[in-house]
>>> print(open('model-v2.cif').read())   # mmCIF, C-alpha atoms (C1' of nucleotides)
data_data
loop_
_atom_site.label_atom_id
_atom_site.label_comp_id
_atom_site.auth_asym_id
_atom_site.auth_seq_id
_atom_site.Cartn_x
_atom_site.Cartn_y
_atom_site.Cartn_z
CA MET A 1 6.85 32.48 26.41
CA ASN A 2 9.76 30.52 24.96
CA ASP A 3 12.29 32.73 26.70
CA ASP A 4 14.64 29.79 26.97
CA PRO A 5 17.28 30.19 24.26
CA ALA A 6 17.92 26.44 24.38
CA THR A 7 14.47 25.83 22.89
CA PRO A 8 14.81 26.59 19.19
CA ILE A 9 11.27 25.59 18.20
CA PRO A 10 8.34 27.03 20.14
CA ASP A 11 5.52 24.61 20.96
CA GLN A 12 3.11 26.47 18.69
CA ALA A 13 5.36 26.15 15.66
CA ARG A 14 5.99 22.52 16.53
CA ASP A 15 2.25 21.83 16.62
CA LEU A 16 1.68 23.62 13.31
CA SER A 17 4.42 21.56 11.72
CA TRP A 18 2.92 18.37 13.17
CA GLY A 19 -0.53 19.17 11.84
CA LEU A 20 0.68 19.89 8.32
CA SER A 21 2.97 16.86 8.14
CA ASN A 22 0.28 14.68 9.66
CA ARG A 23 -2.22 15.83 7.07
CA LEU A 24 0.29 15.25 4.31
CA PHE A 25 0.98 11.69 5.38
CA PHE A 26 -2.68 10.95 5.89
CA ARG A 27 -3.42 12.12 2.36
CA LEU A 28 -0.58 9.94 1.12
CA TYR A 29 -2.06 7.01 3.04
CA GLN A 30 -5.50 7.65 1.54
CA CYS A 31 -4.02 7.97 -1.95
CA THR A 32 -2.23 4.63 -1.62
CA ASN A 33 -5.47 2.97 -0.54
CA MET A 34 -7.29 4.40 -3.55
CA LEU A 35 -4.39 3.70 -5.91
CA HIS A 36 -4.45 0.00 -5.15
CA LYS A 37 -8.22 -0.14 -5.08
CA THR A 38 -8.91 1.74 -8.33
CA GLY A 39 -5.80 0.41 -10.06
CA THR A 40 -6.64 -3.22 -9.39
CA LYS A 41 -10.24 -2.58 -10.46
CA ALA A 42 -9.11 -0.96 -13.72
CA LEU A 43 -7.15 -4.10 -14.59
CA GLU A 44 -9.42 -6.70 -13.04
CA ALA A 45 -10.53 -7.98 -16.44
CA HIS A 46 -6.99 -9.32 -16.80
CA SER A 47 -6.60 -10.40 -13.16
CA ILE A 48 -3.63 -8.08 -12.74
CA THR A 49 -2.88 -6.47 -9.38
CA THR A 50 -1.02 -3.21 -8.91
CA GLN A 51 2.11 -5.10 -7.84
CA GLN A 52 1.99 -7.20 -11.00
CA TRP A 53 1.32 -4.03 -12.99
CA ALA A 54 4.49 -2.50 -11.56
CA VAL A 55 6.53 -5.59 -12.45
CA LEU A 56 5.20 -5.83 -16.01
CA GLY A 57 5.65 -2.09 -16.50
CA ALA A 58 9.25 -2.31 -15.32
CA LEU A 59 9.97 -5.15 -17.74
CA THR A 60 8.93 -2.93 -20.67
CA ARG A 61 11.65 -0.41 -19.84
CA PRO A 62 14.28 -0.40 -22.59
CA THR A 63 17.01 -1.16 -20.05
CA PHE A 64 15.19 -4.22 -18.76
CA VAL A 65 13.87 -5.61 -22.04
CA PRO A 66 16.98 -7.79 -22.61
CA GLY A 67 16.29 -9.32 -19.19
CA VAL A 68 16.88 -8.14 -15.64
CA ALA A 69 18.16 -10.03 -12.62
CA VAL A 70 15.70 -10.64 -9.78
CA GLY A 71 17.81 -8.63 -7.37
CA ASP A 72 18.05 -5.65 -9.71
CA LEU A 73 14.32 -5.72 -10.29
CA ALA A 74 13.71 -5.81 -6.52
CA THR A 75 16.02 -2.83 -6.05
CA PHE A 76 14.19 -0.93 -8.77
CA LEU A 77 10.73 -1.67 -7.38
CA LEU A 78 11.78 -1.23 -3.75
CA VAL A 79 10.44 -4.60 -2.66
CA SER A 80 12.35 -7.49 -1.13
CA ARG A 81 13.70 -10.35 -3.21
CA GLN A 82 11.56 -12.80 -1.30
CA ASN A 83 8.35 -10.90 -1.90
CA LEU A 84 9.18 -10.31 -5.52
CA ALA A 85 9.64 -14.08 -5.90
CA GLY A 86 5.97 -14.59 -5.02
CA VAL A 87 4.76 -12.04 -7.54
CA LEU A 88 7.05 -13.48 -10.23
CA GLN A 89 5.74 -16.95 -9.50
CA ARG A 90 2.15 -15.84 -10.21
CA LEU A 91 3.16 -13.94 -13.36
CA GLU A 92 5.09 -16.98 -14.61
CA ALA A 93 2.10 -19.23 -13.90
CA MET A 94 0.07 -16.90 -16.16
CA ALA A 95 2.87 -17.20 -18.76
CA TYR A 96 3.44 -13.45 -18.88
CA ILE A 97 7.11 -13.71 -17.88
CA GLU A 98 9.88 -16.27 -18.08
CA ARG A 99 13.19 -16.83 -16.32
CA VAL A 100 16.43 -17.69 -18.09
CA VAL A 101 19.76 -18.46 -16.50
CA ASP A 102 22.18 -15.57 -16.90
CA PRO A 103 24.97 -16.93 -19.15
CA LYS A 104 27.43 -14.64 -17.36
CA ASP A 105 26.53 -15.83 -13.84
CA SER A 106 24.77 -19.13 -13.35
CA ARG A 107 23.45 -18.03 -9.97
CA SER A 108 21.47 -15.23 -11.55
CA ARG A 109 18.15 -15.59 -13.35
CA LEU A 110 17.13 -13.01 -15.92
CA ILE A 111 13.45 -12.09 -15.95
CA LEU A 112 11.85 -11.10 -19.21
CA LEU A 113 8.44 -10.68 -20.76
CA THR A 114 7.10 -13.50 -22.92
CA ALA A 115 5.38 -12.69 -26.21
CA LYS A 116 2.11 -13.20 -24.37
CA GLY A 117 3.20 -10.75 -21.69
CA ARG A 118 4.30 -8.15 -24.22
CA SER A 119 1.02 -8.52 -26.05
CA LEU A 120 -0.97 -8.18 -22.83
CA TRP A 121 0.89 -4.98 -22.03
CA ASP A 122 0.75 -3.34 -25.46
CA ALA A 123 -2.72 -4.33 -26.55
CA ASN A 124 -4.64 -4.54 -23.29
CA MET A 125 -2.95 -2.95 -20.31
CA ARG A 126 -1.38 0.17 -21.80
CA PRO A 127 -4.62 1.59 -23.21
CA VAL A 128 -6.45 0.92 -19.94
CA ILE A 129 -3.63 2.45 -17.92
CA ALA A 130 -3.50 5.50 -20.18
CA ASP A 131 -7.21 6.07 -19.57
CA TYR A 132 -6.66 5.51 -15.88
CA TYR A 133 -3.89 8.12 -15.78
CA ARG A 134 -6.14 10.60 -17.55
CA GLU A 135 -8.88 10.12 -14.98
CA ALA A 136 -6.60 10.11 -11.93
CA LEU A 137 -4.69 13.17 -13.14
CA ALA A 138 -7.68 15.13 -14.42
CA GLY A 139 -7.10 18.83 -13.88
CA PHE A 140 -3.31 18.42 -13.61
CA SER A 141 -1.29 20.55 -16.00
CA THR A 142 2.07 19.30 -17.26
CA GLU A 143 3.69 21.68 -14.79
CA ASP A 144 1.62 20.27 -11.95
CA LYS A 145 2.74 16.77 -12.81
CA ILE A 146 6.36 17.82 -12.98
CA HIS A 147 6.13 19.48 -9.57
CA LEU A 148 4.42 16.48 -8.03
CA VAL A 149 7.03 14.10 -9.43
CA HIS A 150 9.68 16.37 -8.00
CA TYR A 151 8.15 16.21 -4.52
CA LEU A 152 7.72 12.45 -4.68
CA ASP A 153 11.33 12.06 -5.82
CA LYS A 154 12.46 14.14 -2.90
CA MET A 155 10.40 12.17 -0.40
CA LEU A 156 11.63 8.92 -1.89
CA ARG A 157 15.24 9.96 -1.34
CA ASN A 158 14.39 10.67 2.30
CA PHE A 159 12.72 7.28 2.66
CA LYS A 160 15.81 5.61 1.22
CA ALA A 161 17.94 7.46 3.77
CA ILE A 162 15.72 6.05 6.54
CA ASP A 163 15.93 2.50 5.18
CA PRO A 164 19.03 2.26 3.01
CA ASP A 165 18.47 -1.41 2.08
CA PRO A 166 14.79 -1.89 1.31
CA THR A 167 15.30 -5.11 -0.67
CA GLY A 168 15.63 -7.07 2.53
CA GLY A 169 19.30 -7.87 2.44
CA LYS A 170 21.09 -9.32 5.48
CA MET B 171 2.22 15.44 -39.24
CA ASN B 172 -1.09 15.33 -37.49
CA ASP B 173 -2.87 16.94 -40.40
CA ASP B 174 -6.07 15.14 -39.46
CA PRO B 175 -8.25 17.65 -37.61
CA ALA B 176 -10.10 14.77 -35.92
CA THR B 177 -6.91 13.85 -34.02
CA PRO B 178 -6.56 16.47 -31.32
CA ILE B 179 -3.46 14.96 -29.67
CA PRO B 180 -0.42 14.12 -31.80
CA ASP B 181 1.28 10.82 -31.03
CA GLN B 182 4.38 12.58 -29.76
CA ALA B 183 2.48 14.63 -27.24
CA ARG B 184 0.52 11.55 -26.21
CA ASP B 185 3.76 9.67 -25.57
CA LEU B 186 5.20 12.54 -23.57
CA SER B 187 2.08 12.66 -21.46
CA TRP B 188 2.25 8.89 -20.92
CA GLY B 189 5.88 9.03 -19.85
CA LEU B 190 5.32 11.78 -17.34
CA SER B 191 2.17 10.25 -15.88
CA ASN B 192 3.78 6.85 -15.81
CA ARG B 193 6.76 8.20 -13.94
CA LEU B 194 4.48 10.01 -11.51
CA PHE B 195 2.52 6.88 -10.69
CA PHE B 196 5.64 4.77 -10.40
CA ARG B 197 7.07 7.24 -7.91
CA LEU B 198 3.80 7.11 -6.01
CA TYR B 199 3.99 3.33 -6.02
CA GLN B 200 7.57 3.41 -4.72
CA CYS B 201 6.65 5.94 -2.04
CA THR B 202 3.79 3.76 -0.81
CA ASN B 203 6.13 0.77 -0.57
CA MET B 204 8.60 2.79 1.45
CA LEU B 205 5.88 4.42 3.55
CA HIS B 206 4.62 1.07 4.77
CA LYS B 207 8.11 -0.36 5.16
CA THR B 208 9.70 2.53 7.05
CA GLY B 209 6.50 3.42 8.90
CA THR B 210 5.99 -0.09 10.24
CA LYS B 211 9.67 -0.26 11.17
CA ALA B 212 9.48 3.05 13.03
CA LEU B 213 6.67 1.67 15.19
CA GLU B 214 7.76 -1.96 15.39
CA ALA B 215 8.70 -1.64 19.06
CA HIS B 216 4.96 -1.30 19.72
CA SER B 217 3.88 -3.86 17.10
CA ILE B 218 1.83 -1.24 15.27
CA THR B 219 1.33 -1.43 11.51
CA THR B 220 0.67 1.56 9.28
CA GLN B 221 -3.01 0.63 9.06
CA GLN B 222 -3.28 0.53 12.83
CA TRP B 223 -1.38 3.81 12.98
CA ALA B 224 -3.97 5.39 10.69
CA VAL B 225 -6.83 4.10 12.85
CA LEU B 226 -5.32 5.24 16.13
CA GLY B 227 -4.43 8.61 14.61
CA ALA B 228 -7.98 9.06 13.37
CA LEU B 229 -9.36 8.29 16.83
CA THR B 230 -7.34 11.16 18.30
CA ARG B 231 -9.10 13.66 16.06
CA PRO B 232 -11.28 15.96 18.17
CA THR B 233 -14.36 15.03 16.11
CA PHE B 234 -13.84 11.34 16.74
CA VAL B 235 -12.74 11.43 20.39
CA PRO B 236 -16.32 11.06 21.69
CA GLY B 237 -16.52 7.88 19.61
CA VAL B 238 -17.04 7.22 15.92
CA ALA B 239 -19.20 4.63 14.16
CA VAL B 240 -17.37 1.88 12.29
CA GLY B 241 -18.90 2.96 8.99
CA ASP B 242 -17.89 6.59 9.44
CA LEU B 243 -14.36 5.55 10.33
CA ALA B 244 -14.20 3.37 7.21
CA THR B 245 -15.39 6.28 5.06
CA PHE B 246 -12.77 8.53 6.59
CA LEU B 247 -9.91 6.05 6.11
CA LEU B 248 -11.12 4.92 2.68
CA VAL B 249 -11.08 1.24 3.59
CA SER B 250 -14.00 -1.18 3.54
CA ARG B 251 -16.06 -1.91 6.66
CA GLN B 252 -15.05 -5.55 6.48
CA ASN B 253 -11.35 -4.82 6.32
CA LEU B 254 -11.60 -2.24 9.05
CA ALA B 255 -13.27 -4.88 11.24
CA GLY B 256 -10.12 -6.99 11.13
CA VAL B 257 -7.85 -4.10 12.07
CA LEU B 258 -10.21 -3.10 14.91
CA GLN B 259 -10.23 -6.68 16.18
CA ARG B 260 -6.45 -6.66 16.57
CA LEU B 261 -6.42 -3.23 18.19
CA GLU B 262 -9.13 -4.33 20.61
CA ALA B 263 -7.18 -7.49 21.44
CA MET B 264 -4.26 -5.21 22.38
CA ALA B 265 -6.71 -3.18 24.50
CA TYR B 266 -5.97 0.06 22.62
CA ILE B 267 -9.58 0.60 21.55
CA GLU B 268 -13.02 -0.36 22.77
CA ARG B 269 -16.48 -0.57 21.26
CA VAL B 270 -19.61 0.73 22.90
CA VAL B 271 -23.15 0.45 21.62
CA ASP B 272 -24.42 3.75 20.29
CA PRO B 273 -27.25 4.77 22.65
CA LYS B 274 -29.00 6.47 19.74
CA ASP B 275 -28.91 3.42 17.45
CA SER B 276 -28.38 -0.03 18.86
CA ARG B 277 -27.12 -1.31 15.51
CA SER B 278 -24.19 1.07 15.61
CA ARG B 279 -20.99 0.58 17.61
CA LEU B 280 -18.91 3.58 18.60
CA ILE B 281 -15.16 3.06 18.49
CA LEU B 282 -12.99 4.95 20.94
CA LEU B 283 -9.51 4.92 22.37
CA THR B 284 -8.99 3.31 25.77
CA ALA B 285 -6.80 5.04 28.35
CA LYS B 286 -4.09 2.58 27.34
CA GLY B 287 -4.53 3.52 23.70
CA ARG B 288 -4.44 7.24 24.44
CA SER B 289 -1.31 6.75 26.50
CA LEU B 290 0.34 4.71 23.75
CA TRP B 291 -0.38 7.47 21.27
CA ASP B 292 0.63 10.45 23.39
CA ALA B 293 3.66 9.02 25.15
CA ASN B 294 5.05 6.56 22.63
CA MET B 295 3.70 6.89 19.12
CA ARG B 296 3.45 10.65 18.67
CA PRO B 297 7.09 11.39 19.46
CA VAL B 298 8.25 8.58 17.18
CA ILE B 299 5.94 9.73 14.40
CA ALA B 300 7.08 13.35 14.80
CA ASP B 301 10.68 12.22 14.32
CA TYR B 302 9.61 10.11 11.39
CA TYR B 303 7.88 13.07 9.73
CA ARG B 304 11.02 15.17 10.21
CA GLU B 305 13.16 12.55 8.50
CA ALA B 306 10.73 11.80 5.68
CA LEU B 307 10.12 15.49 4.99
CA ALA B 308 13.70 16.67 5.38
CA GLY B 309 14.35 19.52 2.99
CA PHE B 310 10.66 20.34 2.60
CA SER B 311 9.71 23.92 3.36
CA THR B 312 6.27 24.71 4.76
CA GLU B 313 5.32 25.90 1.29
CA ASP B 314 6.51 22.64 -0.25
CA LYS B 315 4.34 20.68 2.16
CA ILE B 316 1.31 22.83 1.42
CA HIS B 317 1.78 22.36 -2.31
CA LEU B 318 2.22 18.61 -1.96
CA VAL B 319 -0.89 18.32 0.22
CA HIS B 320 -2.75 20.30 -2.42
CA TYR B 321 -1.70 17.89 -5.17
CA LEU B 322 -2.55 14.84 -3.10
CA ASP B 323 -5.95 16.34 -2.27
CA LYS B 324 -6.58 16.90 -5.95
CA MET B 325 -5.57 13.37 -6.90
CA LEU B 326 -7.68 11.97 -4.09
CA ARG B 327 -10.77 13.75 -5.44
CA ASN B 328 -10.07 12.18 -8.82
CA PHE B 329 -9.72 8.74 -7.25
CA LYS B 330 -13.02 9.20 -5.48
CA ALA B 331 -14.62 10.10 -8.80
CA ILE B 332 -13.30 6.83 -10.25
CA ASP B 333 -14.55 4.77 -7.28
CA PRO B 334 -17.35 6.71 -5.58
CA ASP B 335 -17.96 4.09 -2.88
CA PRO B 336 -14.62 2.87 -1.59
CA THR B 337 -16.01 1.50 1.67
CA GLY B 338 -17.28 -1.57 -0.09
CA GLY B 339 -20.98 -0.94 0.09
CA LYS B 340 -23.47 -3.12 -1.84
"C1'" DT C 341 32.77 -17.00 2.53
"C1'" DA C 342 29.67 -14.10 0.02
"C1'" DT C 343 26.07 -13.73 -3.26
"C1'" DT C 344 21.80 -15.08 -6.00
"C1'" DG C 345 17.73 -16.84 -5.85
"C1'" DT C 346 14.31 -19.85 -3.75
"C1'" DT C 347 11.41 -21.94 -0.24
"C1'" DA C 348 8.90 -21.91 4.24
"C1'" DT C 349 6.16 -19.77 7.80
"C1'" DA C 350 3.29 -16.63 9.94
"C1'" DC C 351 0.92 -12.42 9.86
"C1'" DT C 352 -1.58 -8.53 7.78
"C1'" DC C 353 -4.41 -6.55 4.42
"C1'" DT C 354 -7.88 -6.97 0.73
"C1'" DA C 355 -12.16 -8.32 -1.90
"C1'" DT C 356 -16.39 -10.57 -1.82
"C1'" DA C 357 -20.20 -12.66 0.02
"C1'" DA C 358 -23.25 -14.05 3.53
"C1'" DC C 359 -24.94 -13.51 8.03
"C1'" DT C 360 -27.09 -11.06 12.69
"C1'" DA C 361 -29.42 -7.59 14.86
"C1'" DT C 362 -31.48 -3.73 14.74
"C1'" DA C 363 -34.24 0.09 12.35
"C1'" DT D 364 -36.76 -3.70 3.42
"C1'" DA D 365 -32.75 -1.26 4.48
"C1'" DT D 366 -28.89 -0.40 7.39
"C1'" DA D 367 -24.79 -1.30 10.81
"C1'" DG D 368 -21.79 -4.37 11.91
"C1'" DT D 369 -19.72 -8.94 11.93
"C1'" DT D 370 -18.03 -13.31 10.28
"C1'" DA D 371 -16.10 -16.40 6.67
"C1'" DT D 372 -13.23 -17.40 2.89
"C1'" DA D 373 -9.79 -16.96 -0.51
"C1'" DG D 374 -6.14 -14.44 -2.44
"C1'" DA D 375 -2.23 -11.39 -2.33
"C1'" DG D 376 1.52 -8.93 -0.14
"C1'" DT D 377 4.95 -8.62 3.64
"C1'" DA D 378 8.72 -9.75 7.09
"C1'" DT D 379 11.83 -13.00 8.57
"C1'" DA D 380 14.55 -16.86 8.45
"C1'" DA D 381 16.71 -20.67 6.37
"C1'" DC D 382 18.23 -23.08 2.37
"C1'" DA D 383 20.62 -24.63 -2.31
"C1'" DA D 384 23.53 -23.45 -5.96
"C1'" DT D 385 27.17 -20.80 -7.59
"C1'" DA D 386 30.92 -17.45 -7.31
#
>>> encode(input="model-v2.cif", output="structure tokens")
Amino acid sequence: MNDDPATPIPDQARDLSWGLSNRLFFRLYQCTNMLHKTGTKALEAHSITTQQWAVLGALTRPTFVPGVAVGDLATFLLVSRQNLAGVLQRLEAMAYIERVVDPKDSRSRLILLTAKGRSLWDANMRPVIADYYREALAGFSTEDKIHLVHYLDKMLRNFKAIDPDPTGGK
Amino acid sequence: MNDDPATPIPDQARDLSWGLSNRLFFRLYQCTNMLHKTGTKALEAHSITTQQWAVLGALTRPTFVPGVAVGDLATFLLVSRQNLAGVLQRLEAMAYIERVVDPKDSRSRLILLTAKGRSLWDANMRPVIADYYREALAGFSTEDKIHLVHYLDKMLRNFKAIDPDPTGGK
DNA sequence: TATTGTTATACTCTATAACTATA
DNA sequence: TATAGTTATAGAGTATAACAATA
């Protein structure tokens, strides 16, 4: 079998590769379902979704604390500007963030945490999230975490190669 | 520092652990965004979303080919019965799946692929998905994939411990 | 003209509850 | 009574396009 030199991958190997990759992506799919489900539940007392969690978490990054443009935030989170606008609208309605006009470019709006938002993060969300991480990563050594981050980084780079402009430009 | 024996984890170590876990979950969040974005785009010619992809893929599993109850499918996919109902409704409208009453229990409906659905999967979706896996897992050795699956499995068990009944029972 | 951000629309997914029909 | 499945509703996220203001 496979005596044709023009066929580099035998069917058997192809099927094995399919099965493993398929299982990997199904596990990833299941993990994303559970991430959003358990994550939203962990923060439900504050009516914060996982998307809002990601936005608030990003705004606590030292680089973004002075304010970050909507487009830059969208690039960082890998969501489109339009979809980010909806999330920002809800967070602003809850007074956790505010928008100020960028003095250097009047087209741009800088997003930053309000005092209320910073307080929510530090006093309420961070402790809950820390507990959540401990539960979700139970049994993971530091090395395990480092390896997993490495794999996710690698996959992310591949995803970005597939869709080079995920913020919905055009 | 940390001369209090009742404090097992010094603040520094706690912060390091937070940073690593936080990075891990943010990467996971980014990967899920890109998975749904690039996955849906890969199958957009057939108007199939990643949720529908997961359902159709599950129905091709040998165990499920004879038909699977809605509840069992929901347990497998880690979505709620109610949400699965909506996805099934759309797939049925496209004539990719059908429901038959379980002869052993008239309350139960068995979900199975139609000939059209099987053909869509075999002839159209599987080749596209195989290409997609190759792109998304470029640079991953078989060992890498096995390790990553292992980590995702482990995290999934932790998620299930946090939310033991993800199919929305009550 | 290009860019930044917003608004508008339609669709999908999710959470929750309530309902039906069977068991 | 309990279970399997469905329906109903509201909220949130997404894709796509079109728009206003500014560069």
>>> resolve_selection(input="model-v2.cif", expression="the PyMOL selection byres ((chain D) within 8 of (chain B))", output="ChimeraX atom specification")
/D:367-369
>>> resolve_selection(input="model-v2.cif", expression="the PyMOL selection byres ((chain D and resi 374-381) around 9)", output="short mmCIF file (atom, residue, chain, number, x, y, z; two decimals) with C-alpha atoms (C1' of nucleotides), in the coordinates of the input")
data_model
loop_
_atom_site.label_atom_id
_atom_site.label_comp_id
_atom_site.auth_asym_id
_atom_site.auth_seq_id
_atom_site.Cartn_x
_atom_site.Cartn_y
_atom_site.Cartn_z
CA THR A 49 -2.88 -6.47 -9.38
CA GLN A 51 2.11 -5.10 -7.84
CA SER A 80 12.35 -7.49 -1.13
CA ASN A 83 8.35 -10.90 -1.90
CA GLY A 86 5.97 -14.59 -5.02
CA VAL A 87 4.76 -12.04 -7.54
CA GLY A 168 15.63 -7.07 2.53
CA LYS B 207 8.11 -0.36 5.16
"C1'" DT C 347 11.41 -21.94 -0.24
"C1'" DA C 348 8.90 -21.91 4.24
"C1'" DT C 349 6.16 -19.77 7.80
"C1'" DC C 351 0.92 -12.42 9.86
"C1'" DT C 352 -1.58 -8.53 7.78
"C1'" DC C 353 -4.41 -6.55 4.42
"C1'" DT C 354 -7.88 -6.97 0.73
"C1'" DA C 355 -12.16 -8.32 -1.90
"C1'" DA D 373 -9.79 -16.96 -0.51
"C1'" DC D 382 18.23 -23.08 2.37
#
>>> residues_around(input="model-v2.cif", residues="Asp165 of chain A", least_positions_apart="4", cutoff="12 Å", atoms="all atoms listed in the file", output="PyMOL selection string")
(chain A and resi 71+74-76+78-81+159-161+169-170) or (chain B and resi 204+207-208)
>>> atom_distance(input="model-v2.cif", atom1="atom C1' of DA363 of chain C", atom2="atom C1' of DT366 of chain D")
7.3 Å
>>> resolve_selection(input="model-v2.cif", expression="the PyMOL selection byres ((chain B and resi 266) around 9)", output="PyMOL selection string")
chain B and resi 226+261-265+267-268+282-288+290
>>> atom_distance(input="model-v2.cif", atom1="atom CA of Asp323 of chain B", atom2="atom CA of Val235 of chain B")
24.2 Å
>>> interface_residues(input="model-v2.cif", of="chain A", to="chain B", cutoff="6 Å", atoms="only C-alpha atoms", output="ChimeraX atom specification")
/A:24,31,136,149,156,158-159
>>> closest_atom_pairs(input="model-v2.cif", of="chain C", to="chain A", cutoff="9 Å", atoms="only C-alpha atoms (C1' of nucleotides)", output="JSON lines")
{"residue": "C:DT343", "atom": "C1'", "partner": "A:Arg107", "partner_atom": "CA", "distance": 8.4}
{"residue": "C:DT344", "atom": "C1'", "partner": "A:Arg107", "partner_atom": "CA", "distance": 5.2}
{"residue": "C:DG345", "atom": "C1'", "partner": "A:Ser108", "partner_atom": "CA", "distance": 7.0}
{"residue": "C:DT346", "atom": "C1'", "partner": "A:Ala85", "partner_atom": "CA", "distance": 7.7}
{"residue": "C:DT354", "atom": "C1'", "partner": "A:Lys37", "partner_atom": "CA", "distance": 9.0}
>>> write_last_selection(input="model-v2.cif", atoms="C-alpha atoms (C1' of nucleotides)", output="PDB file, in the frame of the given file")
ATOM      1  C1'  DT C 343      26.070 -13.730  -3.260  1.00  0.00           C
ATOM      2  C1'  DT C 344      21.800 -15.080  -6.000  1.00  0.00           C
ATOM      3  C1'  DG C 345      17.730 -16.840  -5.850  1.00  0.00           C
ATOM      4  C1'  DT C 346      14.310 -19.850  -3.750  1.00  0.00           C
ATOM      5  C1'  DT C 354      -7.880  -6.970   0.730  1.00  0.00           C
TER       6       DT C 354
END
>>> atom_distance(input="model-v2.cif", atom1="atom CA of Trp223 of chain B", atom2="atom CA of Trp291 of chain B")
9.1 Å
>>> closest_residue(input="model-v2.cif", among="B:Ala293, B:Pro273, B:Ser217, B:Ile281", to="Phe234 of chain B", atoms="all atoms listed in the file")
B:Ile281
>>> decode(input="model-v2.cif", residues="segment 138-150 of chain A", atoms="N, CA, C and O atoms", output="compact mmCIF listing (two decimals), in the first residue's frame")
# COMPACT_ATOMS: atom_id res chain seq x y z
N ALA A 138 -6.31 23.72 39.27
CA ALA A 138 -5.93 22.78 40.31
C ALA A 138 -5.13 21.63 39.70
O ALA A 138 -5.51 21.08 38.67
N GLY A 139 -4.04 21.29 40.33
CA GLY A 139 -3.22 20.18 39.83
C GLY A 139 -2.19 20.59 38.79
O GLY A 139 -1.40 19.78 38.35
N PHE A 140 -2.22 21.87 38.39
CA PHE A 140 -1.23 22.37 37.43
C PHE A 140 -0.02 22.92 38.18
O PHE A 140 -0.16 23.79 39.04
N SER A 141 1.15 22.40 37.85
CA SER A 141 2.38 22.96 38.41
C SER A 141 2.71 24.23 37.62
O SER A 141 2.12 24.51 36.58
N THR A 142 3.65 25.01 38.14
CA THR A 142 4.09 26.21 37.42
C THR A 142 4.60 25.84 36.03
O THR A 142 4.30 26.51 35.04
N GLU A 143 5.32 24.72 35.96
CA GLU A 143 5.83 24.26 34.67
C GLU A 143 4.70 23.93 33.71
O GLU A 143 4.75 24.25 32.53
N ASP A 144 3.68 23.26 34.23
CA ASP A 144 2.52 22.93 33.40
C ASP A 144 1.91 24.19 32.81
O ASP A 144 1.60 24.26 31.62
N LYS A 145 1.74 25.18 33.66
CA LYS A 145 1.13 26.43 33.19
C LYS A 145 1.99 27.08 32.10
O LYS A 145 1.47 27.56 31.10
N ILE A 146 3.28 27.07 32.34
CA ILE A 146 4.19 27.68 31.36
C ILE A 146 4.09 26.95 30.02
O ILE A 146 4.00 27.56 28.96
N HIS A 147 4.05 25.63 30.08
CA HIS A 147 3.93 24.86 28.84
C HIS A 147 2.61 25.15 28.13
O HIS A 147 2.56 25.32 26.92
N LEU A 148 1.53 25.20 28.91
CA LEU A 148 0.23 25.44 28.30
C LEU A 148 0.16 26.82 27.67
O LEU A 148 -0.34 26.98 26.54
N VAL A 149 0.70 27.82 28.36
CA VAL A 149 0.75 29.17 27.78
C VAL A 149 1.53 29.14 26.48
O VAL A 149 1.12 29.76 25.48
N HIS A 150 2.61 28.41 26.48
CA HIS A 150 3.44 28.31 25.28
C HIS A 150 2.64 27.74 24.10
O HIS A 150 2.67 28.28 23.00
